[in-house]
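Chemist: Before I ask anything, here is the structure I am working with.
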Amino acid sequence: MRLSDAALGLVLVGAAAAIAGTARSFPLVPGQAFGPSLFPLAIAGGFAACGVGLILRGARSARRRLWVEAGPVFGNARARLDMGLILGAIAVYLIAAPHLGFVPTAFAILLALVRRFGASWRLAVTVALVGPIALHLLFAEWLRVPLPLGLLLSIRY
Amino acid sequence: MIEALPQAIALVLAPQTLLIGVGAALFGLFVGAMPGLSATMAVALLVPVSFFLDPVSALTAVVMTTAMAIFAGDIPAALMRIPGTPASAAYVADAFALSRQGKAELALGICLVASAIGGLFGTAVLVLLAPWLAEFALRFSGMEYFWLVALGLSCAVLVAGPDPLKGAVGLLVGLFIATIGQDVTSGFPRFTAGIPNLLSGVSFIPAMVGMFAIAEILRNLPTIRTAAEVQTRRLGSILRGTGSVLRRHPANLVRGNVIGTAVGILPGAGADIAAWISYAVGKRFSREPERFGNGSEEGLVDAAAANNAAIAGAWVPALVFGIPGDSVTAIVIGLLLMKGIQPGPDIFLMNPAQIGAVFLAFVLANLAMIPIGLAAIRLCAKVLLVPRPVLTPLILLFCMVGSFAIDNDSFALVVMAAMGVLAWAMEENQVPIAPAILGIVLGEPFEKHFMTTMMKGEGSLAYFVSRPIAAVLAGITALVWAAILWGLVRRRPRQATA
């Protein structure tokens with residue numbers, strides 16, 4: 001998703017207003033004229049200045065541009081769905097891993113994604129079987145990271 | 001420093017450190033050689049593992065990975081016309097043109113040897129310059145640090161790319177992310193949206209993994225199904241003829257080394273910018289500028305030396321002032337802070353053996369580069385055939401586990417995904433990432449030094465320039481901003497929309 005200079009400028013001015021609005025409610029440190037809001041207000045000022053600069057540049061520019069262009073990922077239906085799947089995989093992991101455990105969740109994610117990106121079933125199944133076990137050995141066994149065991153819990157203990 | 005040498009040698013040559021170093025070197029070669037995976041991404045992926053190691057092993061792993069990855073980026077540049085990392089992009093046309101002329105061995109040989117020499121030169125500068133600067137920096141107070149950080153952040157905007165306005169936006173994004181969490185002076189929670197996980201700020205490593213790995217995965221999605229074409233011709237002797245090329249162009253080699261190291265030291269600019277600048281300067285001074293882009297051996301020498309020299313250069317401000325010279329050292333600073341080591345001049349007094357060990361790791365990495373690199377070139381044609389449909393989901397999974405591993409907190413995955421989408425959206429809109437990374441790393445010390453100086457000066461801005469070194473640093477910062485504004489005014493509107 002690509003914004004024109006003017007559109008990006010508007011987004012920045014909006015962000016500046018939101019930051020400044022929130023920061024104004026921060027309390028002052030007693031006995032001082034400034035507090036936790038000073039730095040965020042300065043950042044908001046910077047965003048506003050850059051935003052205005054971009055809006056002016058967009059207005060001055062001779063070439064007319066669309067406010068928003070799709071760009072390489074959003075402009076391609078397959079890549080758009082791929083992006084949804086990548087972010088969806090993170091969401092699925094967050095929801096499913098505590099119940100199913102790391103290895104089964106990772107198996108499902110890898111199988112789905114590797115297959116989706118065009119590998120053969122045989123390759124996808126191999127990767128989905130070997131990958132999670134290798135990562136489990138590296139992180140859970142060697143580095144002692146408490147990866148969720150889930151279903152494995154009842155098998156192992 | 002010298003007294004600590006035997007201890008430093010013992011630290012680096014410990015079997016565990018050596019083993020980890022070799023593993024990191026192979027990892028760096030693989031990631032660097034895979035198009036679409038950058039050296040910074042290699043380090044971001046490495047950190048969740050190195051987090052669990054002792055500081056010397058962790059830093060050795062980072063040094064080995066970056067040095068090898070930046071060289072390995074040249075291999076697909078020569079064999080496939082695709083740079084393995086952005087640092088090889090400047091001379092990809094020359095490297096591939098040489099391959100097309102049947103001189104792939106020569107192209108790779110020049111890249112390998114120039115990389116090693118560049119790396120060693122950068123290391124020598126790091127070893128000589130850093131302790132000397134550190135001694136000077138011991139006299140700094142919060143005020144000087146404030147200006148130093150301000151100067152570093154300003155340089156990052158100046159060198160970030162063709163558009164300083166968007167460079168400034170990148171910096172502000174980083175600074176804003178750094179304000180999330182409890183405020184440094186009063187502990188008041190800012191911009192946390194009521195989420196308790198954000199009270200201690202945006203967790204750094206998941207943020208880096210998101211910004212470098214997830215963003216790259218997203219960016220590469222449109223081409224994920226296109227198989228790479230690799231030149232699989234059997235390669236002859238790699239080093240034959242390399243020596244004579246380097247002897248014919250000593251000026252290029254020296255210039256590449258010096259430019260690379262200097263650009264590396266500048267905050268915000270790393271190996272990729274070093275290669276572009278060195279290549280452009282080389283072309284300007286060349287007697288045969290028309291050959292640049294069509295297989296110029298000179299251009300290869302210039303740029304391949306510069307990008308490896310920049311790696312060590314970037315560690316100078318990172319170790320001495322805690323100001324990262326590039327994105328990799330930004331991650332290193334985050335790693336050191338998590339290990340309870342505060343980068344800054346004190347580190348040279350408190351941990352001379354560890355610093356010495358890092359220097360030695362640089363020397364070893366660049367010496368080992370030649371034999372390991374020779375083997376890698378032979379294996380590479382096969383490595384490059386690892387299909388991206390397999391690699392991308394594996395990297396995604398590794399990112400998820402690695403982010404979780406830092407704090408054993410699932411919220412890290414949310415941070416990783418959000419920062420990944422943010423970095424992807426920034427790059428789509430030509431807002432550079434490097435200033436944002438510097439903003440995230442330096443936001444907290446910047447605000448802390450600013451607030452304490454404000455309090456000491458009772459709100460007077462004149463107090464900020466009341467010490468001579470601070471005034472000089474303030475003057476240089478003002479000059480950098482004058483250059484940035486000049487760049488903005490000079491830009492033609494036609495370029496502005498390009």
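In the structure tokens, chains take letters A, B, ... by order of appearance, with residues numbered from 1 within each chain and ligands from 1 in the order shown.
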Taking only C-alpha atoms into account and nothing else, which residues of chain A lie no more than 6 Å away from chain B? Please answer as a VMD selection string.
Modeler: chain A and resid 2 61 73 79 110 114 117 145
Chemist: State, in Å with one decimal place, the distance from CA of Pro36 (chain A) to CA of Ile469 (chain B).
Modeler: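 Between CA of Pro36 (chain A) and CA of Ile469 (chain B) the gap works out to 27.7 Å.
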Chemist: To one decimal place, how far is CA of Gly268 (chain B) from CA of Ala478 (chain B) in Å?
Modeler: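 Atom-to-atom, CA of Gly268 (chain B) and CA of Ala478 (chain B) are spaced 17.5 Å apart.
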Chemist: Got a sec to tell me which of region 152-377 of chain B DSSP assigns to strand (DSSP E or B), as a VMD selection string?
Modeler: chain B and resid 181 to 182 189 to 190
Chemist: Would you return as number ranges by chain the members of region 4-143 of chain A that DSSP assigns to helix (DSSP H, G or I) on this structure's backbone?
Modeler: A: 5-23, 38-60, 71-74, 77-100, 102-116, 121-142
Chemist: Please provide the set of residues having any atom within 9 Å of Ala44 (chain A), restricted to only C-alpha atoms, with same-chain residues fewer than 2 positions apart removed, written as a PyMOL selection string.
Modeler: (chain A and resi 12-13+15-20+39-42+46-49) or (chain B and resi 172+176)
